[in-house]
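A.B. asks: Okay, so here is data.cif, and as you'll see once you scroll down, it has mmCIF, C-alpha atoms.
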data_run
#
loop_
_atom_site.label_atom_id
_atom_site.label_comp_id
_atom_site.auth_asym_id
_atom_site.auth_seq_id
_atom_site.Cartn_x
_atom_site.Cartn_y
_atom_site.Cartn_z
CA MET G 1 -9.38 22.66 -11.11
CA GLU G 2 -10.20 20.01 -8.53
CA ALA G 3 -11.21 17.54 -11.22
CA PHE G 4 -7.99 18.27 -13.16
CA LEU G 5 -5.86 17.66 -10.05
CA PHE G 6 -7.82 14.50 -9.28
CA TYR G 7 -7.18 12.97 -12.70
CA PHE G 8 -3.57 14.20 -12.71
CA PHE G 9 -2.89 12.33 -9.45
CA PHE G 10 -4.94 9.39 -10.77
CA ALA G 11 -2.68 9.08 -13.81
CA LEU G 12 0.44 9.59 -11.68
CA ALA G 13 -0.60 6.85 -9.23
CA VAL G 14 -1.47 4.30 -11.91
CA GLY G 15 1.64 5.13 -13.96
CA GLY G 16 3.85 4.80 -10.90
CA ALA G 17 2.23 1.48 -9.99
CA ILE G 18 2.90 0.13 -13.50
CA GLY G 19 6.48 1.40 -13.15
CA VAL G 20 6.89 -0.56 -9.91
CA VAL G 21 5.97 -3.78 -11.68
CA VAL G 22 7.94 -3.32 -14.92
CA SER G 23 11.07 -1.51 -13.69
CA LYS G 24 14.23 -3.56 -14.09
CA SER G 25 16.24 -2.27 -11.15
CA PRO G 26 14.93 -2.56 -7.56
CA VAL G 27 15.88 1.06 -6.82
CA GLY G 28 13.88 2.21 -9.86
CA SER G 29 10.87 0.24 -8.60
CA LEU G 30 11.24 1.94 -5.24
CA LEU G 31 11.32 5.44 -6.75
CA PHE G 32 8.19 4.65 -8.82
CA MET G 33 6.56 3.47 -5.57
CA VAL G 34 7.41 6.80 -3.91
CA THR G 35 5.76 8.59 -6.87
CA THR G 36 2.63 6.48 -6.39
CA LEU G 37 2.56 7.20 -2.66
CA PHE G 38 2.84 10.95 -3.25
CA ALA G 39 0.02 10.79 -5.80
CA ILE G 40 -2.17 8.85 -3.34
CA SER G 41 -1.38 11.51 -0.74
CA GLY G 42 -2.63 14.13 -3.20
CA GLU G 43 -5.84 12.12 -3.65
CA PHE G 44 -6.25 12.04 0.14
CA VAL G 45 -6.07 15.85 0.25
CA LEU G 46 -8.78 16.07 -2.42
CA LEU G 47 -10.91 13.61 -0.39
CA GLU G 48 -10.79 15.71 2.82
CA ALA G 49 -8.31 13.40 4.59
CA HIS G 50 -5.64 16.01 5.34
CA PHE G 51 -4.04 14.29 8.32
CA LEU G 52 -3.80 11.00 6.45
CA ALA G 53 -2.16 12.82 3.51
CA ALA G 54 0.56 14.11 5.85
CA VAL G 55 0.98 10.69 7.49
CA GLN G 56 1.14 9.05 4.06
CA VAL G 57 4.12 11.22 3.10
CA ILE G 58 5.90 11.05 6.47
CA VAL G 59 5.36 7.38 7.36
CA TYR G 60 5.04 5.67 3.97
CA ALA G 61 7.18 7.72 1.60
CA GLY G 62 9.51 8.79 4.41
CA ALA G 63 10.03 5.86 6.77
CA ILE G 64 8.86 2.63 5.11
CA MET G 65 10.37 3.36 1.68
CA VAL G 66 13.68 4.37 3.29
CA LEU G 67 13.60 1.02 5.13
CA PHE G 68 13.17 -0.76 1.78
CA LEU G 69 15.98 1.30 0.22
CA PHE G 70 18.17 0.50 3.21
CA VAL G 71 17.63 -3.24 2.75
CA ILE G 72 18.25 -3.03 -1.02
CA MET G 73 21.54 -1.26 -0.41
CA LEU G 74 22.47 -3.53 2.52
CA LEU G 75 21.99 -6.61 0.33
CA ASN G 76 23.71 -4.81 -2.58
CA LEU G 77 20.87 -5.54 -5.01
CA GLY G 78 21.04 -2.27 -6.94
CA HIS G 79 23.29 -3.68 -9.67
CA GLU G 80 21.33 -6.65 -10.98
CA TYR G 81 19.54 -5.29 -14.01
CA GLN G 82 18.39 -8.56 -15.54
CA GLN G 83 14.67 -8.69 -16.20
CA ASP G 84 12.99 -11.02 -13.73
CA LEU G 85 9.45 -10.76 -15.04
CA LYS G 86 7.96 -14.21 -15.41
CA ILE G 87 4.74 -13.74 -17.37
CA GLY G 88 2.96 -17.08 -17.65
CA VAL G 89 -0.41 -17.98 -19.12
CA PHE G 90 -1.84 -18.29 -15.62
CA SER G 91 -0.92 -14.78 -14.48
CA VAL G 92 -2.15 -13.10 -17.67
CA ALA G 93 -5.42 -15.07 -17.57
CA TRP G 94 -5.82 -14.21 -13.89
CA MET G 95 -5.24 -10.53 -14.59
CA ALA G 96 -7.76 -10.54 -17.46
CA ALA G 97 -10.39 -12.38 -15.41
CA VAL G 98 -10.09 -10.07 -12.40
CA SER G 99 -10.07 -6.95 -14.58
CA VAL G 100 -13.23 -8.06 -16.37
CA MET G 101 -14.88 -8.89 -13.05
CA ALA G 102 -13.91 -5.54 -11.51
CA GLY G 103 -15.13 -3.73 -14.62
CA LEU G 104 -18.49 -5.54 -14.47
CA VAL G 105 -18.93 -4.77 -10.76
CA GLY G 106 -18.02 -1.13 -11.40
CA TRP G 107 -20.43 -0.98 -14.34
CA GLY G 108 -23.19 -2.41 -12.17
CA LEU G 109 -22.57 0.11 -9.40
CA ARG G 110 -22.30 3.03 -11.83
CA GLY G 111 -24.86 5.73 -11.10
CA ASP G 112 -25.89 4.05 -7.83
CA PRO G 113 -27.72 6.71 -5.76
CA GLY G 114 -25.61 5.62 -2.74
CA PHE G 115 -22.60 7.30 -4.38
CA ALA G 116 -24.35 10.68 -4.78
CA ALA G 117 -22.21 13.81 -4.58
CA SER G 118 -21.70 15.42 -1.15
CA PRO G 119 -23.34 12.63 0.89
CA ALA G 120 -23.83 12.43 4.65
CA GLY G 121 -20.30 11.23 5.42
CA ALA G 122 -18.63 14.17 3.67
CA GLN G 123 -20.79 16.63 5.64
CA GLU G 124 -19.98 14.81 8.90
CA ILE G 125 -16.25 14.99 8.10
CA GLU G 126 -16.44 18.68 7.24
CA ALA G 127 -18.26 19.39 10.52
CA ALA G 128 -15.59 17.43 12.46
CA LEU G 129 -12.80 19.28 10.61
CA ALA G 130 -14.38 22.64 11.45
CA GLN G 131 -14.89 21.67 15.11
CA TYR G 132 -11.68 19.77 15.99
CA GLY G 133 -9.22 20.59 13.19
CA ALA G 134 -7.47 18.12 10.87
CA VAL G 135 -5.73 16.09 13.62
CA GLY G 136 -8.53 16.29 16.19
CA ALA G 137 -11.12 15.00 13.71
CA ILE G 138 -9.26 11.64 13.62
CA ALA G 139 -8.07 11.72 17.24
CA GLN G 140 -11.63 12.07 18.55
CA PRO G 141 -12.88 8.61 17.39
CA LEU G 142 -9.39 7.07 17.70
CA TYR G 143 -9.17 7.70 21.46
CA THR G 144 -12.84 7.07 22.27
CA THR G 145 -14.54 4.46 20.05
CA TYR G 146 -11.35 2.74 18.86
CA VAL G 147 -9.21 2.98 22.01
CA VAL G 148 -8.92 -0.81 22.48
CA PRO G 149 -7.70 -1.46 18.90
CA PHE G 150 -5.34 1.46 19.40
CA GLU G 151 -3.77 -0.17 22.46
CA ILE G 152 -3.56 -3.53 20.67
CA THR G 153 -1.72 -1.73 17.85
CA GLY G 154 0.87 -0.66 20.42
CA ILE G 155 1.39 -4.31 21.44
CA LEU G 156 1.64 -5.27 17.75
CA LEU G 157 4.39 -2.71 17.18
CA LEU G 158 6.32 -4.00 20.22
CA VAL G 159 6.06 -7.59 18.94
CA ALA G 160 7.16 -6.44 15.46
CA ILE G 161 10.24 -4.68 16.88
CA VAL G 162 11.28 -7.76 18.91
CA GLY G 163 10.54 -10.09 15.99
CA ALA G 164 12.55 -8.02 13.51
CA LEU G 165 15.52 -7.88 15.91
CA VAL G 166 15.44 -11.65 16.54
CA LEU G 167 15.11 -12.48 12.82
CA ALA G 168 17.82 -10.14 11.57
CA LYS G 169 20.36 -10.88 14.31
CA ARG G 170 23.50 -12.32 12.81
CA ASN G 171 24.09 -15.56 14.73
CA ALA G 172 20.88 -16.45 16.49
CA MET I 1 -15.38 11.97 -6.78
CA ILE I 2 -16.17 8.65 -5.07
CA GLU I 3 -16.66 6.43 -8.11
CA PRO I 4 -13.38 7.41 -9.84
CA THR I 5 -11.57 6.98 -6.52
CA LEU I 6 -12.90 3.44 -6.23
CA ALA I 7 -11.73 2.88 -9.82
CA LEU I 8 -8.25 4.07 -8.80
CA SER I 9 -8.33 1.68 -5.85
CA ALA I 10 -9.28 -1.22 -8.12
CA PHE I 11 -6.52 -0.35 -10.64
CA LEU I 12 -3.85 -0.15 -7.94
CA PHE I 13 -4.98 -3.43 -6.34
CA ILE I 14 -4.99 -5.29 -9.67
CA ILE I 15 -1.55 -3.93 -10.64
CA GLY I 16 -0.20 -4.84 -7.20
CA THR I 17 -1.57 -8.39 -7.38
CA PHE I 18 -0.20 -8.77 -10.90
CA GLY I 19 3.21 -7.63 -9.63
CA VAL I 20 3.18 -10.22 -6.83
CA LEU I 21 2.36 -12.91 -9.39
CA VAL I 22 4.93 -12.05 -12.09
CA ARG I 23 8.00 -10.69 -10.26
CA ARG I 24 10.56 -13.09 -8.78
CA ASN I 25 12.52 -10.58 -6.69
CA ALA I 26 11.29 -10.94 -3.09
CA ILE I 27 11.72 -7.23 -2.32
CA ILE I 28 9.69 -6.16 -5.38
CA MET I 29 6.98 -8.66 -4.44
CA PHE I 30 6.91 -7.07 -1.00
CA LEU I 31 6.67 -3.61 -2.57
CA CYS I 32 3.67 -4.81 -4.60
CA ILE I 33 2.00 -6.01 -1.38
CA GLU I 34 2.45 -2.47 -0.03
CA LEU I 35 0.78 -1.26 -3.24
CA GLN I 36 -2.22 -3.49 -2.48
CA LEU I 37 -2.42 -2.11 1.07
CA ASN I 38 -2.41 1.42 -0.34
CA ALA I 39 -5.18 0.51 -2.77
CA VAL I 40 -7.29 -0.61 0.19
CA ASN I 41 -6.47 2.66 1.97
CA VAL I 42 -7.72 4.64 -1.03
CA ALA I 43 -10.98 2.68 -0.95
CA PHE I 44 -11.33 3.30 2.82
CA VAL I 45 -10.87 7.06 2.38
CA ALA I 46 -13.37 7.10 -0.50
CA PHE I 47 -15.98 5.28 1.60
CA SER I 48 -15.30 7.57 4.57
CA ASN I 49 -16.80 10.30 2.36
CA LEU I 50 -20.00 8.25 2.35
CA TRP I 51 -20.28 6.92 5.90
CA GLY I 52 -18.28 9.20 8.19
CA ILE I 53 -14.77 9.47 9.59
CA ASP I 54 -14.41 5.84 10.78
CA GLY I 55 -12.88 4.90 7.42
CA GLN I 56 -10.00 7.31 8.02
CA VAL I 57 -9.36 5.75 11.44
CA PHE I 58 -9.14 2.33 9.76
CA VAL I 59 -6.58 3.74 7.31
CA PHE I 60 -4.54 4.79 10.34
CA PHE I 61 -4.56 1.19 11.64
CA VAL I 62 -3.73 -0.22 8.21
CA MET I 63 -0.70 2.07 8.00
CA THR I 64 0.51 0.89 11.43
CA VAL I 65 0.12 -2.76 10.47
CA ALA I 66 1.91 -2.05 7.17
CA ALA I 67 4.85 -0.53 9.05
CA ALA I 68 5.08 -3.55 11.38
CA GLU I 69 4.75 -5.91 8.42
CA ALA I 70 7.51 -4.10 6.49
CA ALA I 71 9.90 -4.33 9.45
CA VAL I 72 9.30 -8.07 10.04
CA GLY I 73 9.16 -8.94 6.33
CA LEU I 74 12.41 -7.18 5.51
CA ALA I 75 14.06 -8.90 8.49
CA ILE I 76 12.89 -12.25 7.07
CA ILE I 77 14.28 -11.29 3.63
CA ILE I 78 17.63 -10.38 5.20
CA SER I 79 17.87 -13.69 7.04
CA ILE I 80 16.90 -15.59 3.86
CA PHE I 81 19.55 -13.65 1.93
CA ARG I 82 22.17 -14.72 4.49
CA HIS I 83 21.21 -18.34 3.83
CA TYR I 84 20.95 -18.41 0.03
CA GLN I 85 22.86 -15.25 -1.10
CA THR I 86 19.90 -14.30 -3.31
CA VAL I 87 16.41 -12.84 -3.01
CA ASP I 88 15.02 -14.62 -6.09
CA VAL I 89 12.02 -16.58 -4.83
CA GLY I 90 12.63 -19.32 -7.39
CA ASN I 91 15.48 -20.55 -5.20
CA PHE I 92 13.44 -20.84 -2.02
CA ASN I 93 12.02 -24.36 -2.29
CA LEU I 94 12.49 -25.77 1.21
CA LEU I 95 8.73 -25.84 1.89
CA LYS I 96 7.83 -26.93 -1.65
CA TRP I 97 6.72 -30.51 -2.25
#
Output the structure of this file as structure tokens.
C.D. replies:
Amino acid sequence: MEAFLFYFFFALAVGGAIGVVVSKSPVGSLLFMVTTLFAISGEFVLLEAHFLAAVQVIVYAGAIMVLFLFVIMLLNLGHEYQQDLKIGVFSVAWMAAVSVMAGLVGWGLRGDPGFAASPAGAQEIEAALAQYGAVGAIAQPLYTTYVVPFEITGILLLVAIVGALVLAKRNA
Amino acid sequence: MIEPTLALSAFLFIIGTFGVLVRRNAIIMFLCIELQLNAVNVAFVAFSNLWGIDGQVFVFFVMTVAAAEAAVGLAIIISIFRHYQTVDVGNFNLLKW
């Protein structure tokens, strides 16, 4: 059952990603992207990242994609259905080269004992989940080991808000 | 489940990079960049099953940076649209030599 769900979400994520690239209308691309994000959220649940699965749906599929949709509708781009794919020799060659390289790296790593089933990290995560719960398991390192990056993230968000306001203001 | 998850991450990253290269609509290019960020998140979560929960904390930071990046990037796209009345990147050649 778990393996079936895993490959179902796998196919959904890859299919949605291809849809994002080939879809003619921007709104269609956006809906394919939401499909991909939901599928990735399903993968997160299967990988014992429950809190991240919830955040993926709320923040990514909920907030960021609505922001994109808002801009598409604000700029009135939903009606241009002309195909804007520009497939050149360079991009196809690049794609083939990277795919071959990724395949070779994956083939080399295949069966590596470091990727054995139920390794130390999974046990550590399960212990943290049992002790602190889904949110506490992330909050524990976030507010102790990573508290300085966390505060810097707050400054980053403040700068992003001010920057977005200054850039999008009508007559600066 | 770690090896197929890394394969998914690689697929999503390659598709996202391909999208950035072939699409001319600035918003779709931006969406493909988000796809690449998500591919990296998938890899982080897969590796957190090997080396502990730190990978999931990094995913948290990546999501925050992605939100900030989306806000600023879309603001830039809006201000470019006001200038050129289009979001086709073929028309933006001010910095091209």
A.B. asks: With all atoms listed in the file as the basis for distance, which of I:Asp54, I:Glu3, I:Glu69, I:Asp88 is at the shortest distance from Ala26 in chain I?
C.D. replies: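 When distances to Ala26 in chain I are compared using all atoms listed in the file, the smallest one comes from I:Asp88.
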A.B. asks: Given a cut-off of 6 Å, which residues of chain I touch chain G, counting all atoms listed in the file, written out as a VMD selection string?
C.D. replies: chain I and resid 19 22 to 24 49 to 53 68 72 75 79
A.B. asks: Which distance in Å separates CA of Val42 in chain I and CA of Ser9 in chain I, to one decimal?
C.D. replies: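 Atom-to-atom, CA of Val42 in chain I to CA of Ser9 in chain I, that is 5.7 Å.
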A.B. asks: Out of I:Asn93, I:Leu37, I:Met1, I:Ala43, which residue has the shortest atom-to-atom distance to Ala70 in chain I when counting all atoms listed in the file?
C.D. replies: I:Leu37
A.B. asks: Report, in Å to a single decimal, how far apart CA of Leu5 in chain G and CA of Ala134 in chain G are.
C.D. replies: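 Calculated distance between CA of Ala134 in chain G and CA of Leu5 in chain G is 21.0 Å.
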A.B. asks: For CA of Gly16 in chain I and CA of Met29 in chain I, quote the distance in Å rounded to one decimal.
C.D. replies: 8.6 Å
A.B. asks: For Thr64 in chain I, which of G:Gln131, G:Ile152, G:Val66, G:Leu12 is the closest residue, counting all atoms listed in the file?
C.D. replies: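 Of all the options, G:Ile152 lies closest to Thr64 in chain I.
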A.B. asks: Taking all atoms listed in the file into account, which of G:Val57, G:Met1, G:Val135, G:Val147 comes nearest Ala39 in chain G?
C.D. replies: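 Smallest distance to Ala39 in chain G is found for G:Val57.
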A.B. asks: Which is closer to Ile80 in chain I than all the others in I:Ile27, I:Val20, I:Ile15, I:Phe58, using only C-alpha atoms?
C.D. replies: I:Ile27
A.B. asks: Find, counting all atoms listed in the file, the residue in G:Ala54, G:Leu104, G:Ala93, G:Ala61 that gets nearest to Leu31 in chain G.
C.D. replies: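 Counting all atoms listed in the file, the residue closest to Leu31 in chain G is G:Ala61.
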A.B. asks: Decode the PyMOL selection byres ((chain I and resi 13) around 9) for the given file into explicit residues and return them as a ChimeraX atom specification.
C.D. replies: /I:8-12,14-18,32-33,35-40
A.B. asks: Would you put the residues from that selection into a file with C-alpha atoms, as a CSV table (one decimal), keeping the file's coordinate frame?
C.D. replies:
chain,number,residue,atom,x,y,z
I,8,LEU,CA,-8.2,4.1,-8.8
I,9,SER,CA,-8.3,1.7,-5.8
I,10,ALA,CA,-9.3,-1.2,-8.1
I,11,PHE,CA,-6.5,-0.4,-10.6
I,12,LEU,CA,-3.8,-0.2,-7.9
I,14,ILE,CA,-5.0,-5.3,-9.7
I,15,ILE,CA,-1.6,-3.9,-10.6
I,16,GLY,CA,-0.2,-4.8,-7.2
I,17,THR,CA,-1.6,-8.4,-7.4
I,18,PHE,CA,-0.2,-8.8,-10.9
I,32,CYS,CA,3.7,-4.8,-4.6
I,33,ILE,CA,2.0,-6.0,-1.4
I,35,LEU,CA,0.8,-1.3,-3.2
I,36,GLN,CA,-2.2,-3.5,-2.5
I,37,LEU,CA,-2.4,-2.1,1.1
I,38,ASN,CA,-2.4,1.4,-0.3
I,39,ALA,CA,-5.2,0.5,-2.8
I,40,VAL,CA,-7.3,-0.6,0.2
